[in-house]
>>> print(open('model_39.pdb').read())   # PDB, C-alpha atoms (C1' of nucleotides)
ATOM      1  CA  MET A 268      50.853   6.585  -7.442
ATOM      2  CA  ALA A 269      50.776   8.579  -4.258
ATOM      3  CA  GLU A 270      50.810   5.439  -2.207
ATOM      4  CA  PHE A 271      51.116   7.008   1.202
ATOM      5  CA  LEU A 272      48.591   9.763   0.565
ATOM      6  CA  ASP A 273      46.007   7.254  -0.596
ATOM      7  CA  LEU A 274      46.532   4.997   2.385
ATOM      8  CA  HIS A 275      46.390   7.939   4.745
ATOM      9  CA  SER A 276      43.203   9.166   3.145
ATOM     10  CA  LYS A 277      41.494   5.794   3.400
ATOM     11  CA  THR A 278      42.570   5.426   7.009
ATOM     12  CA  THR A 279      41.285   8.874   7.839
ATOM     13  CA  LYS A 280      37.834   8.082   6.517
ATOM     14  CA  ALA A 281      37.654   4.806   8.404
ATOM     15  CA  LEU A 282      38.838   6.396  11.649
ATOM     16  CA  ARG A 283      36.429   9.274  11.227
ATOM     17  CA  ALA A 284      33.527   6.900  10.798
ATOM     18  CA  LEU A 285      34.551   5.017  13.933
ATOM     19  CA  ALA A 286      34.965   8.170  15.988
ATOM     20  CA  GLU A 287      31.637   9.434  14.756
ATOM     21  CA  THR A 288      29.647   6.389  15.804
ATOM     22  CA  ALA A 289      31.533   6.257  19.088
ATOM     23  CA  MET A 290      30.750   9.877  19.928
ATOM     24  CA  ARG A 291      27.178   9.603  18.747
ATOM     25  CA  ARG A 292      26.671   7.219  21.631
ATOM     26  CA  HIS A 293      27.151  10.234  23.878
ATOM     27  CA  GLY A 294      25.027  12.554  21.791
ATOM     28  CA  LEU A 295      27.993  14.312  20.205
ATOM     29  CA  HIS A 296      28.894  15.004  16.604
ATOM     30  CA  GLN A 297      32.325  14.476  15.103
ATOM     31  CA  GLY A 298      34.772  16.996  16.521
ATOM     32  CA  GLN A 299      32.583  18.229  19.329
ATOM     33  CA  ASP A 300      34.508  16.026  21.718
ATOM     34  CA  HIS A 301      37.644  17.968  20.847
ATOM     35  CA  LEU A 302      35.965  21.266  21.604
ATOM     36  CA  LEU A 303      34.806  19.877  24.932
ATOM     37  CA  ALA A 304      38.316  18.610  25.627
ATOM     38  CA  ALA A 305      39.648  22.119  25.192
ATOM     39  CA  LEU A 306      37.160  23.382  27.751
ATOM     40  CA  TRP A 307      37.819  20.511  30.132
ATOM     41  CA  GLU A 308      41.428  21.583  30.021
ATOM     42  CA  ARG A 309      40.667  25.281  30.348
ATOM     43  CA  ASP A 310      37.093  26.282  30.988
ATOM     44  CA  GLY A 311      36.218  29.775  29.837
ATOM     45  CA  SER A 312      38.462  29.756  26.775
ATOM     46  CA  THR A 313      37.654  32.072  23.887
ATOM     47  CA  PRO A 314      36.650  30.787  20.445
ATOM     48  CA  GLY A 315      39.949  32.001  19.042
ATOM     49  CA  GLU A 316      41.977  30.122  21.643
ATOM     50  CA  ILE A 317      40.002  26.959  21.058
ATOM     51  CA  ALA A 318      40.357  27.266  17.308
ATOM     52  CA  ALA A 319      44.118  27.481  17.671
ATOM     53  CA  ALA A 320      44.195  24.493  19.990
ATOM     54  CA  LEU A 321      42.091  22.405  17.608
ATOM     55  CA  HIS A 322      43.931  23.481  14.463
ATOM     56  CA  VAL A 323      40.727  24.878  13.091
ATOM     57  CA  THR A 324      39.449  28.317  12.069
ATOM     58  CA  THR A 325      37.462  30.571  14.350
ATOM     59  CA  PRO A 326      34.193  30.433  12.369
ATOM     60  CA  THR A 327      34.218  26.673  12.750
ATOM     61  CA  VAL A 328      34.374  26.983  16.520
ATOM     62  CA  VAL A 329      31.696  29.685  16.502
ATOM     63  CA  LYS A 330      29.274  27.483  14.616
ATOM     64  CA  MET A 331      29.978  24.450  16.764
ATOM     65  CA  ALA A 332      29.616  26.533  19.906
ATOM     66  CA  THR A 333      26.231  27.765  18.739
ATOM     67  CA  ARG A 334      24.976  24.244  18.215
ATOM     68  CA  MET A 335      26.492  22.903  21.410
ATOM     69  CA  SER A 336      25.016  25.809  23.291
ATOM     70  CA  ALA A 337      21.605  24.992  21.830
ATOM     71  CA  VAL A 338      21.760  21.480  23.295
ATOM     72  CA  GLY A 339      23.004  22.756  26.625
ATOM     73  CA  LEU A 340      26.611  21.605  26.645
ATOM     74  CA  LEU A 341      28.049  25.084  27.167
ATOM     75  CA  VAL A 342      27.109  28.743  27.480
ATOM     76  CA  ARG A 343      28.431  31.915  25.833
ATOM     77  CA  ARG A 344      29.373  34.864  28.016
ATOM     78  CA  ARG A 345      31.180  38.063  27.140
ATOM     79  CA  ASP A 346      34.429  38.796  28.940
ATOM     80  CA  GLU A 347      33.965  41.414  31.647
ATOM     81  CA  HIS A 348      37.153  43.325  30.960
ATOM     82  CA  ASP A 349      37.385  43.076  27.187
ATOM     83  CA  ASN A 350      34.062  43.310  25.458
ATOM     84  CA  ARG A 351      35.417  41.986  22.167
ATOM     85  CA  LEU A 352      36.049  38.624  23.741
ATOM     86  CA  VAL A 353      33.559  35.854  24.276
ATOM     87  CA  ARG A 354      34.227  33.035  26.666
ATOM     88  CA  LEU A 355      32.717  29.560  26.510
ATOM     89  CA  TRP A 356      31.770  27.962  29.791
ATOM     90  CA  LEU A 357      30.843  24.341  30.356
ATOM     91  CA  THR A 358      27.479  23.450  31.785
ATOM     92  CA  ASP A 359      27.047  20.538  34.159
ATOM     93  CA  ALA A 360      26.006  18.452  31.177
ATOM     94  CA  GLY A 361      29.216  19.366  29.353
ATOM     95  CA  ARG A 362      31.324  18.567  32.392
ATOM     96  CA  ALA A 363      29.567  15.266  32.969
ATOM     97  CA  LEU A 364      30.618  13.958  29.580
ATOM     98  CA  ARG A 365      34.322  14.116  30.387
ATOM     99  CA  GLY A 366      34.690  10.706  31.964
ATOM    100  CA  PRO A 367      32.650   8.704  29.448
ATOM    101  CA  VAL A 368      34.036  10.492  26.408
ATOM    102  CA  GLU A 369      37.655  10.210  27.467
ATOM    103  CA  ALA A 370      37.141   6.530  28.215
ATOM    104  CA  GLU A 371      35.532   6.056  24.819
ATOM    105  CA  ARG A 372      38.428   7.747  23.129
ATOM    106  CA  ARG A 373      41.006   5.662  24.978
ATOM    107  CA  SER A 374      39.073   2.538  24.128
ATOM    108  CA  LEU A 375      39.032   3.446  20.462
ATOM    109  CA  GLU A 376      42.755   4.133  20.435
ATOM    110  CA  GLU A 377      43.415   0.774  22.043
ATOM    111  CA  LYS A 378      41.257  -1.155  19.603
ATOM    112  CA  ILE A 379      42.829   0.614  16.669
ATOM    113  CA  THR A 380      46.394  -0.002  17.723
ATOM    114  CA  ALA A 381      45.827  -3.513  19.052
ATOM    115  CA  GLY A 382      47.376  -5.090  15.979
ATOM    116  CA  LEU A 383      50.712  -3.346  16.466
ATOM    117  CA  THR A 384      53.611  -4.169  18.761
ATOM    118  CA  GLU A 385      54.990  -1.527  21.077
ATOM    119  CA  THR A 386      57.910  -0.992  18.739
ATOM    120  CA  GLU A 387      55.733  -0.706  15.666
ATOM    121  CA  LEU A 388      53.495   1.828  17.367
ATOM    122  CA  ARG A 389      56.469   3.898  18.482
ATOM    123  CA  GLN A 390      57.948   3.867  15.002
ATOM    124  CA  LEU A 391      54.596   4.740  13.507
ATOM    125  CA  THR A 392      54.149   7.686  15.821
ATOM    126  CA  THR A 393      57.650   8.962  15.143
ATOM    127  CA  ALA A 394      57.318   8.676  11.393
ATOM    128  CA  LEU A 395      53.880  10.245  11.357
ATOM    129  CA  ALA A 396      55.197  13.125  13.440
ATOM    130  CA  LYS A 397      57.841  13.722  10.791
ATOM    131  CA  ILE A 398      55.175  13.782   8.115
ATOM    132  CA  TYR A 399      53.213  16.231  10.204
ATOM    133  CA  ASP A 400      56.236  18.497  10.602
ATOM    134  CA  SER A 401      56.909  18.440   6.887
ATOM    135  CA  ALA A 402      53.308  19.316   6.168
ATOM    136  CA  ARG A 403      53.311  22.192   8.635
ATOM    137  CA  ASP A 404      56.479  23.569   7.085
ATOM    138  CA  LEU A 405      54.928  23.464   3.641
ATOM    139  CA  LEU A 406      51.815  25.212   4.836
TER     140      LEU A 406
ATOM    141  CA  MET B 139      45.457  10.475  26.099
ATOM    142  CA  ALA B 140      44.731   9.110  22.672
ATOM    143  CA  GLU B 141      48.191   9.961  21.483
ATOM    144  CA  PHE B 142      47.997   8.336  18.093
ATOM    145  CA  LEU B 143      44.499   9.554  17.299
ATOM    146  CA  ASP B 144      45.453  13.131  18.087
ATOM    147  CA  LEU B 145      48.579  12.977  15.967
ATOM    148  CA  HIS B 146      46.676  11.398  13.124
ATOM    149  CA  SER B 147      43.993  14.044  13.333
ATOM    150  CA  LYS B 148      46.479  16.916  13.252
ATOM    151  CA  THR B 149      48.315  15.362  10.333
ATOM    152  CA  THR B 150      45.085  14.880   8.442
ATOM    153  CA  LYS B 151      44.192  18.543   8.746
ATOM    154  CA  ALA B 152      47.630  19.657   7.603
ATOM    155  CA  LEU B 153      47.645  17.278   4.653
ATOM    156  CA  ARG B 154      44.145  18.284   3.676
ATOM    157  CA  ALA B 155      45.126  21.948   3.629
ATOM    158  CA  LEU B 156      48.136  21.148   1.460
ATOM    159  CA  ALA B 157      46.144  19.040  -0.971
ATOM    160  CA  GLU B 158      43.494  21.715  -1.183
ATOM    161  CA  THR B 159      45.850  24.525  -2.144
ATOM    162  CA  ALA B 160      47.659  22.198  -4.545
ATOM    163  CA  MET B 161      44.466  21.224  -6.345
ATOM    164  CA  ARG B 162      43.123  24.753  -6.338
ATOM    165  CA  ARG B 163      45.975  25.573  -8.671
ATOM    166  CA  HIS B 164      44.183  23.413 -11.238
ATOM    167  CA  GLY B 165      40.749  24.773 -10.488
ATOM    168  CA  LEU B 166      39.684  21.771  -8.435
ATOM    169  CA  HIS B 167      38.241  21.462  -4.968
ATOM    170  CA  GLN B 168      39.345  18.975  -2.351
ATOM    171  CA  GLY B 169      38.458  15.463  -3.411
ATOM    172  CA  GLN B 170      37.502  16.273  -6.963
ATOM    173  CA  ASP B 171      40.867  14.968  -8.111
ATOM    174  CA  HIS B 172      39.923  11.582  -6.692
ATOM    175  CA  LEU B 173      36.675  11.543  -8.606
ATOM    176  CA  LEU B 174      38.558  12.417 -11.763
ATOM    177  CA  ALA B 175      41.105   9.704 -11.027
ATOM    178  CA  ALA B 176      38.308   7.155 -10.918
ATOM    179  CA  LEU B 177      37.149   8.290 -14.361
ATOM    180  CA  TRP B 178      40.678   8.385 -15.755
ATOM    181  CA  GLU B 179      40.905   4.778 -14.706
ATOM    182  CA  ARG B 180      37.484   3.845 -16.018
ATOM    183  CA  ASP B 181      35.573   6.445 -17.951
ATOM    184  CA  GLY B 182      31.819   6.014 -17.888
ATOM    185  CA  SER B 183      31.633   4.683 -14.342
ATOM    186  CA  THR B 184      28.395   5.051 -12.397
ATOM    187  CA  PRO B 185      28.096   7.228  -9.279
ATOM    188  CA  GLY B 186      27.717   4.109  -7.172
ATOM    189  CA  GLU B 187      30.887   2.545  -8.530
ATOM    190  CA  ILE B 188      32.835   5.728  -7.988
ATOM    191  CA  ALA B 189      31.513   6.093  -4.463
ATOM    192  CA  ALA B 190      32.719   2.596  -3.637
ATOM    193  CA  ALA B 191      36.128   3.278  -5.152
ATOM    194  CA  LEU B 192      36.511   6.509  -3.197
ATOM    195  CA  HIS B 193      35.183   5.122   0.097
ATOM    196  CA  VAL B 194      32.435   7.677   0.042
ATOM    197  CA  THR B 195      28.627   7.580  -0.103
ATOM    198  CA  THR B 196      26.676   7.897  -3.328
ATOM    199  CA  PRO B 197      25.056  11.264  -2.515
ATOM    200  CA  THR B 198      28.510  12.748  -2.106
ATOM    201  CA  VAL B 199      29.473  11.661  -5.600
ATOM    202  CA  VAL B 200      26.172  12.911  -6.990
ATOM    203  CA  LYS B 201      26.728  16.367  -5.555
ATOM    204  CA  MET B 202      30.316  16.544  -6.717
ATOM    205  CA  ALA B 203      29.323  15.326 -10.171
ATOM    206  CA  THR B 204      26.701  18.056 -10.420
ATOM    207  CA  ARG B 205      29.256  20.750  -9.628
ATOM    208  CA  MET B 206      31.941  19.288 -11.811
ATOM    209  CA  SER B 207      29.455  18.977 -14.619
ATOM    210  CA  ALA B 208      28.567  22.647 -14.192
ATOM    211  CA  VAL B 209      32.190  23.638 -14.759
ATOM    212  CA  GLY B 210      32.543  21.308 -17.731
ATOM    213  CA  LEU B 211      34.782  18.580 -16.339
ATOM    214  CA  LEU B 212      32.346  15.765 -17.092
ATOM    215  CA  VAL B 213      28.883  14.984 -18.428
ATOM    216  CA  ARG B 214      26.014  12.857 -17.138
ATOM    217  CA  ARG B 215      24.399  10.336 -19.441
ATOM    218  CA  ARG B 216      21.911   7.565 -18.717
ATOM    219  CA  ASP B 217      22.913   4.011 -19.481
ATOM    220  CA  GLU B 218      21.281   2.764 -22.688
ATOM    221  CA  HIS B 219      20.437  -0.700 -21.434
ATOM    222  CA  ASP B 220      19.558  -0.004 -17.810
ATOM    223  CA  ASN B 221      17.665   3.215 -17.294
ATOM    224  CA  ARG B 222      18.285   3.261 -13.575
ATOM    225  CA  LEU B 223      21.997   3.746 -14.136
ATOM    226  CA  VAL B 224      23.754   7.008 -14.858
ATOM    227  CA  ARG B 225      27.245   7.081 -16.268
ATOM    228  CA  LEU B 226      29.750   9.897 -15.890
ATOM    229  CA  TRP B 227      31.897  10.711 -18.895
ATOM    230  CA  LEU B 228      34.964  12.909 -18.972
ATOM    231  CA  THR B 229      35.051  15.957 -21.196
ATOM    232  CA  ASP B 230      38.248  17.039 -22.919
ATOM    233  CA  ALA B 231      38.803  19.465 -20.068
ATOM    234  CA  GLY B 232      38.496  16.642 -17.563
ATOM    235  CA  ARG B 233      40.887  14.466 -19.515
ATOM    236  CA  ALA B 234      43.401  17.271 -19.929
ATOM    237  CA  LEU B 235      43.853  17.596 -16.181
ATOM    238  CA  ARG B 236      45.226  14.101 -15.781
ATOM    239  CA  GLY B 237      48.885  14.863 -16.412
ATOM    240  CA  PRO B 238      49.148  18.014 -14.312
ATOM    241  CA  VAL B 239      47.066  16.696 -11.434
ATOM    242  CA  GLU B 240      48.890  13.389 -11.190
ATOM    243  CA  ALA B 241      52.209  15.222 -11.270
ATOM    244  CA  GLU B 242      51.002  17.551  -8.545
ATOM    245  CA  ARG B 243      49.957  14.639  -6.412
ATOM    246  CA  ARG B 244      53.272  12.848  -6.863
ATOM    247  CA  SER B 245      55.112  16.050  -6.032
ATOM    248  CA  LEU B 246      53.119  16.477  -2.846
ATOM    249  CA  GLU B 247      53.781  12.910  -1.776
ATOM    250  CA  GLU B 248      57.492  13.387  -2.339
ATOM    251  CA  LYS B 249      57.677  16.616  -0.374
ATOM    252  CA  ILE B 250      55.722  15.112   2.472
ATOM    253  CA  THR B 251      57.826  11.972   2.770
ATOM    254  CA  ALA B 252      61.153  13.672   2.089
ATOM    255  CA  GLY B 253      62.107  13.600   5.763
ATOM    256  CA  LEU B 254      61.858   9.823   5.997
ATOM    257  CA  THR B 255      64.295   7.133   4.985
ATOM    258  CA  GLU B 256      63.179   4.319   2.714
ATOM    259  CA  THR B 257      62.968   2.006   5.689
ATOM    260  CA  GLU B 258      60.991   4.440   7.785
ATOM    261  CA  LEU B 259      58.525   5.019   4.979
ATOM    262  CA  ARG B 260      58.048   1.311   4.450
ATOM    263  CA  GLN B 261      57.495   0.714   8.160
ATOM    264  CA  LEU B 262      55.098   3.636   8.280
ATOM    265  CA  THR B 263      53.074   2.314   5.383
ATOM    266  CA  THR B 264      52.936  -1.165   6.849
ATOM    267  CA  ALA B 265      51.885   0.027  10.277
ATOM    268  CA  LEU B 266      49.303   2.423   8.895
ATOM    269  CA  ALA B 267      47.877  -0.379   6.783
ATOM    270  CA  LYS B 268      47.409  -2.416   9.946
ATOM    271  CA  ILE B 269      45.605   0.476  11.575
ATOM    272  CA  TYR B 270      43.423   0.737   8.505
ATOM    273  CA  ASP B 271      42.585  -2.944   8.607
ATOM    274  CA  SER B 272      41.685  -2.747  12.283
ATOM    275  CA  ALA B 273      39.447   0.221  11.618
ATOM    276  CA  ARG B 274      37.686  -1.502   8.741
ATOM    277  CA  ASP B 275      37.072  -4.554  10.882
ATOM    278  CA  LEU B 276      35.535  -2.420  13.605
ATOM    279  CA  LEU B 277      33.307  -0.651  11.137
TER     280      LEU B 277
ATOM    281  C1'  DC C  69      43.123  63.546  22.793
ATOM    282  C1'  DA C  70      41.498  62.058  18.555
ATOM    283  C1'  DG C  71      41.844  59.124  14.872
ATOM    284  C1'  DT C  72      43.731  55.096  12.884
ATOM    285  C1'  DA C  73      45.206  50.366  13.270
ATOM    286  C1'  DA C  74      44.795  45.923  15.321
ATOM    287  C1'  DT C  75      42.006  42.359  17.464
ATOM    288  C1'  DC C  76      37.768  39.597  17.974
ATOM    289  C1'  DG C  77      33.599  37.276  17.224
ATOM    290  C1'  DC C  78      30.206  36.677  13.873
ATOM    291  C1'  DT C  79      27.672  36.087   9.291
ATOM    292  C1'  DA C  80      27.379  34.545   4.555
ATOM    293  C1'  DG C  81      28.235  31.375   1.229
ATOM    294  C1'  DA C  82      30.525  27.413  -0.693
ATOM    295  C1'  DC C  83      32.127  22.521  -0.505
ATOM    296  C1'  DG C  84      32.836  17.618   1.080
ATOM    297  C1'  DG C  85      30.608  14.322   3.792
ATOM    298  C1'  DC C  86      26.735  11.556   5.924
ATOM    299  C1'  DA C  87      21.938   9.429   6.847
ATOM    300  C1'  DA C  88      17.255   9.035   5.593
ATOM    301  C1'  DA C  89      13.578   9.135   2.475
ATOM    302  C1'  DC C  90      11.729   9.155  -2.325
ATOM    303  C1'  DG C  91      10.898   7.907  -7.134
ATOM    304  C1'  DA C  92      11.844   5.307 -11.040
ATOM    305  C1'  DT C  93      13.353   1.182 -13.188
ATOM    306  C1'  DT C  94      14.594  -3.593 -13.397
ATOM    307  C1'  DA C  95      14.651  -8.393 -11.762
ATOM    308  C1'  DG C  96      12.467 -12.375  -9.709
ATOM    309  C1'  DG C  97       9.017 -15.219  -7.813
ATOM    310  C1'  DA C  98       4.206 -16.900  -7.083
TER     311       DA C  98
ATOM    312  C1'  DT D  75       1.800 -12.508 -16.110
ATOM    313  C1'  DC D  76       1.640  -9.612 -12.385
ATOM    314  C1'  DC D  77       3.154  -8.128  -8.187
ATOM    315  C1'  DT D  78       6.728  -7.677  -4.998
ATOM    316  C1'  DA D  79      11.523  -7.004  -3.944
ATOM    317  C1'  DA D  80      15.940  -5.249  -5.072
ATOM    318  C1'  DT D  81      18.773  -1.696  -7.217
ATOM    319  C1'  DC D  82      19.995   3.141  -8.417
ATOM    320  C1'  DG D  83      20.254   7.995  -8.623
ATOM    321  C1'  DT D  84      18.497  11.933  -6.493
ATOM    322  C1'  DT D  85      16.741  15.244  -2.946
ATOM    323  C1'  DT D  86      16.730  17.037   1.588
ATOM    324  C1'  DG D  87      18.676  18.381   5.656
ATOM    325  C1'  DC D  88      22.363  18.441   8.807
ATOM    326  C1'  DC D  89      27.387  18.949  10.384
ATOM    327  C1'  DG D  90      32.354  20.339  10.020
ATOM    328  C1'  DT D  91      35.375  23.127   7.447
ATOM    329  C1'  DC D  92      37.205  27.033   4.868
ATOM    330  C1'  DT D  93      37.565  31.957   2.927
ATOM    331  C1'  DA D  94      35.983  36.601   2.739
ATOM    332  C1'  DG D  95      33.906  40.377   4.614
ATOM    333  C1'  DC D  96      31.387  42.996   8.457
ATOM    334  C1'  DG D  97      30.781  45.300  12.933
ATOM    335  C1'  DA D  98      32.226  46.349  17.371
ATOM    336  C1'  DT D  99      35.683  47.142  20.735
ATOM    337  C1'  DT D 100      40.297  48.039  22.247
ATOM    338  C1'  DA D 101      45.090  49.597  21.680
ATOM    339  C1'  DC D 102      48.366  52.578  19.749
ATOM    340  C1'  DT D 103      50.296  56.658  17.796
ATOM    341  C1'  DG D 104      50.962  61.306  16.371
TER     342       DG D 104
END
>>> encode(input="model_39.pdb", output="structure tokens")
Amino acid sequence: MAEFLDLHSKTTKALRALAETAMRRHGLHQGQDHLLAALWERDGSTPGEIAAALHVTTPTVVKMATRMSAVGLLVRRRDEHDNRLVRLWLTDAGRALRGPVEAERRSLEEKITAGLTETELRQLTTALAKIYDSARDLL
Amino acid sequence: MAEFLDLHSKTTKALRALAETAMRRHGLHQGQDHLLAALWERDGSTPGEIAAALHVTTPTVVKMATRMSAVGLLVRRRDEHDNRLVRLWLTDAGRALRGPVEAERRSLEEKITAGLTETELRQLTTALAKIYDSARDLL
DNA sequence: CAGTAATCGCTAGACGGCAAACGATTAGGA
DNA sequence: TCCTAATCGTTTGCCGTCTAGCGATTACTG
């Protein structure tokens, strides 16, 4: 009964736990690395843009930004031309995490996929992408 | 950069959203169907047992049980022989959801995997199981 | 040009999830 | 037998996530 969904769910929880302990080593909470990644890619993005990039709602980004701002990873600043907008800017501390965090993430991916051959991994990625597309269509 | 992890993360969010709207049709919140499933399988389980079955911590089950008890899906009762234990028992309302919820879950699984051939689905399941095993080992 | 509509970020409140600490009960050993 | 250790459920507090609703600013339209 719902074989794939159950397996996916279990895997998700295990991967989340791994990612969490990995990121905690750098003083981050689960998901905060993704927010940072968005800023590493485009510093000064707005909460709305980041939310779209992370497949998350705006309030989620707002809350995370507040906490991350409190620990000095980024700063909030209103846009000069459009006063509705807020832009998030990395601090030196936020920028400094890029190397270590990206390495950590690559390392995790490698460990996780170590048991698969190249072919298996390619097939897995392709099939999972199809699942993702189906899910998006049903949304 | 972390190709598989990113894809998996996106897919998880999409599937979660789908499962949530599906279960909301039956008045349930995300994950509550799993707790019910554990009781359908073995009514009178303890929070600890359910937590283990769901790959979740005990406090999570306790909170969910409190809410689900408030809406009349189950009842709490202390074990007669061991007063440390609490057992969760389904109400008629909780039992009545089994058919519809299981059908909903099967339907979702079918829709999600409709784009894959039998072979692709089998390969996907096998590969994902390997990922899961790797993750568990690293935990 | 004025007023309405659209766009944004934010707050409030709820839920699933976790770790840590607490209290009560039972089991086991000196 | 009594005292300690193990076992459980629960509480507390935090984080990520969502929906709904609010307030402010900008854009558009008559």
>>> resolve_selection(input="model_39.pdb", expression="the PyMOL selection byres ((chain A) within 9 of (chain B))", output="ChimeraX atom specification")
/A:268-272,274-282,284-285,321-323,369,372-383,387-388,390-392,394-403,405-406
>>> write_last_selection(input="model_39.pdb", atoms="C-alpha atoms", output="PDB file, in the coordinates of the input")
ATOM      1  CA  MET A 268      50.853   6.585  -7.442  1.00  0.00           C
ATOM      2  CA  ALA A 269      50.776   8.579  -4.258  1.00  0.00           C
ATOM      3  CA  GLU A 270      50.810   5.439  -2.207  1.00  0.00           C
ATOM      4  CA  PHE A 271      51.116   7.008   1.202  1.00  0.00           C
ATOM      5  CA  LEU A 272      48.591   9.763   0.565  1.00  0.00           C
ATOM      6  CA  LEU A 274      46.532   4.997   2.385  1.00  0.00           C
ATOM      7  CA  HIS A 275      46.390   7.939   4.745  1.00  0.00           C
ATOM      8  CA  SER A 276      43.203   9.166   3.145  1.00  0.00           C
ATOM      9  CA  LYS A 277      41.494   5.794   3.400  1.00  0.00           C
ATOM     10  CA  THR A 278      42.570   5.426   7.009  1.00  0.00           C
ATOM     11  CA  THR A 279      41.285   8.874   7.839  1.00  0.00           C
ATOM     12  CA  LYS A 280      37.834   8.082   6.517  1.00  0.00           C
ATOM     13  CA  ALA A 281      37.654   4.806   8.404  1.00  0.00           C
ATOM     14  CA  LEU A 282      38.838   6.396  11.649  1.00  0.00           C
ATOM     15  CA  ALA A 284      33.527   6.900  10.798  1.00  0.00           C
ATOM     16  CA  LEU A 285      34.551   5.017  13.933  1.00  0.00           C
ATOM     17  CA  LEU A 321      42.091  22.405  17.608  1.00  0.00           C
ATOM     18  CA  HIS A 322      43.931  23.481  14.463  1.00  0.00           C
ATOM     19  CA  VAL A 323      40.727  24.878  13.091  1.00  0.00           C
ATOM     20  CA  GLU A 369      37.655  10.210  27.467  1.00  0.00           C
ATOM     21  CA  ARG A 372      38.428   7.747  23.129  1.00  0.00           C
ATOM     22  CA  ARG A 373      41.006   5.662  24.978  1.00  0.00           C
ATOM     23  CA  SER A 374      39.073   2.538  24.128  1.00  0.00           C
ATOM     24  CA  LEU A 375      39.032   3.446  20.462  1.00  0.00           C
ATOM     25  CA  GLU A 376      42.755   4.133  20.435  1.00  0.00           C
ATOM     26  CA  GLU A 377      43.415   0.774  22.043  1.00  0.00           C
ATOM     27  CA  LYS A 378      41.257  -1.155  19.603  1.00  0.00           C
ATOM     28  CA  ILE A 379      42.829   0.614  16.669  1.00  0.00           C
ATOM     29  CA  THR A 380      46.394  -0.002  17.723  1.00  0.00           C
ATOM     30  CA  ALA A 381      45.827  -3.513  19.052  1.00  0.00           C
ATOM     31  CA  GLY A 382      47.376  -5.090  15.979  1.00  0.00           C
ATOM     32  CA  LEU A 383      50.712  -3.346  16.466  1.00  0.00           C
ATOM     33  CA  GLU A 387      55.733  -0.706  15.666  1.00  0.00           C
ATOM     34  CA  LEU A 388      53.495   1.828  17.367  1.00  0.00           C
ATOM     35  CA  GLN A 390      57.948   3.867  15.002  1.00  0.00           C
ATOM     36  CA  LEU A 391      54.596   4.740  13.507  1.00  0.00           C
ATOM     37  CA  THR A 392      54.149   7.686  15.821  1.00  0.00           C
ATOM     38  CA  ALA A 394      57.318   8.676  11.393  1.00  0.00           C
ATOM     39  CA  LEU A 395      53.880  10.245  11.357  1.00  0.00           C
ATOM     40  CA  ALA A 396      55.197  13.125  13.440  1.00  0.00           C
ATOM     41  CA  LYS A 397      57.841  13.722  10.791  1.00  0.00           C
ATOM     42  CA  ILE A 398      55.175  13.782   8.115  1.00  0.00           C
ATOM     43  CA  TYR A 399      53.213  16.231  10.204  1.00  0.00           C
ATOM     44  CA  ASP A 400      56.236  18.497  10.602  1.00  0.00           C
ATOM     45  CA  SER A 401      56.909  18.440   6.887  1.00  0.00           C
ATOM     46  CA  ALA A 402      53.308  19.316   6.168  1.00  0.00           C
ATOM     47  CA  ARG A 403      53.311  22.192   8.635  1.00  0.00           C
ATOM     48  CA  LEU A 405      54.928  23.464   3.641  1.00  0.00           C
ATOM     49  CA  LEU A 406      51.815  25.212   4.836  1.00  0.00           C
TER      50      LEU A 406
END
>>> residues_around(input="model_39.pdb", residues="DT103 of chain D", least_positions_apart="4", cutoff="10 Å", atoms="only C-alpha atoms (C1' of nucleotides)", output="ChimeraX atom specification")
/C:71-73
>>> residues_around(input="model_39.pdb", residues="DT94 of chain C", least_positions_apart="6", cutoff="12 Å", atoms="all atoms listed in the file", output="list in words")
His219, Asp220, Asn221, Arg222 and Leu223 of chain B; DA79, DA80, DT81 and DC82 of chain D
>>> closest_atom_pairs(input="model_39.pdb", of="chain B", to="chain D", cutoff="9 Å", atoms="all atoms listed in the file", output="Markdown table")
| residue | atom | partner | partner_atom | distance |
| --- | --- | --- | --- | --- |
| B:Pro185 | CA | D:DG83 | C1' | 7.9 |
| B:Gly186 | CA | D:DC82 | C1' | 7.9 |
| B:Thr196 | CA | D:DG83 | C1' | 8.3 |
| B:Pro197 | CA | D:DT84 | C1' | 7.7 |
| B:Val200 | CA | D:DT84 | C1' | 7.8 |
| B:Arg222 | CA | D:DC82 | C1' | 5.4 |
| B:Leu223 | CA | D:DC82 | C1' | 6.1 |
| B:Val224 | CA | D:DG83 | C1' | 7.2 |
>>> closest_atom_pairs(input="model_39.pdb", of="chain C", to="chain A", cutoff="9 Å", atoms="all atoms listed in the file", output="JSON lines")
{"residue": "C:DT75", "atom": "C1'", "partner": "A:Arg351", "partner_atom": "CA", "distance": 8.1}
{"residue": "C:DC76", "atom": "C1'", "partner": "A:Arg351", "partner_atom": "CA", "distance": 5.4}
{"residue": "C:DG77", "atom": "C1'", "partner": "A:Arg351", "partner_atom": "CA", "distance": 7.1}
{"residue": "C:DC78", "atom": "C1'", "partner": "A:Pro326", "partner_atom": "CA", "distance": 7.6}
>>> resolve_selection(input="model_39.pdb", expression="the PyMOL selection byres ((chain B and resi 215) around 9)", output="list of chain:residue names")
B:Gly182, B:Val213, B:Arg214, B:Arg216, B:Asp217, B:Glu218, B:Leu223, B:Val224, B:Arg225, B:Leu226, B:Trp227
>>> write_last_selection(input="model_39.pdb", atoms="C-alpha atoms", output="compact mmCIF listing (two decimals), in the frame of the given file")
# COMPACT_ATOMS: atom_id res chain seq x y z
CA GLY B 182 31.82 6.01 -17.89
CA VAL B 213 28.88 14.98 -18.43
CA ARG B 214 26.01 12.86 -17.14
CA ARG B 216 21.91 7.56 -18.72
CA ASP B 217 22.91 4.01 -19.48
CA GLU B 218 21.28 2.76 -22.69
CA LEU B 223 22.00 3.75 -14.14
CA VAL B 224 23.75 7.01 -14.86
CA ARG B 225 27.24 7.08 -16.27
CA LEU B 226 29.75 9.90 -15.89
CA TRP B 227 31.90 10.71 -18.90
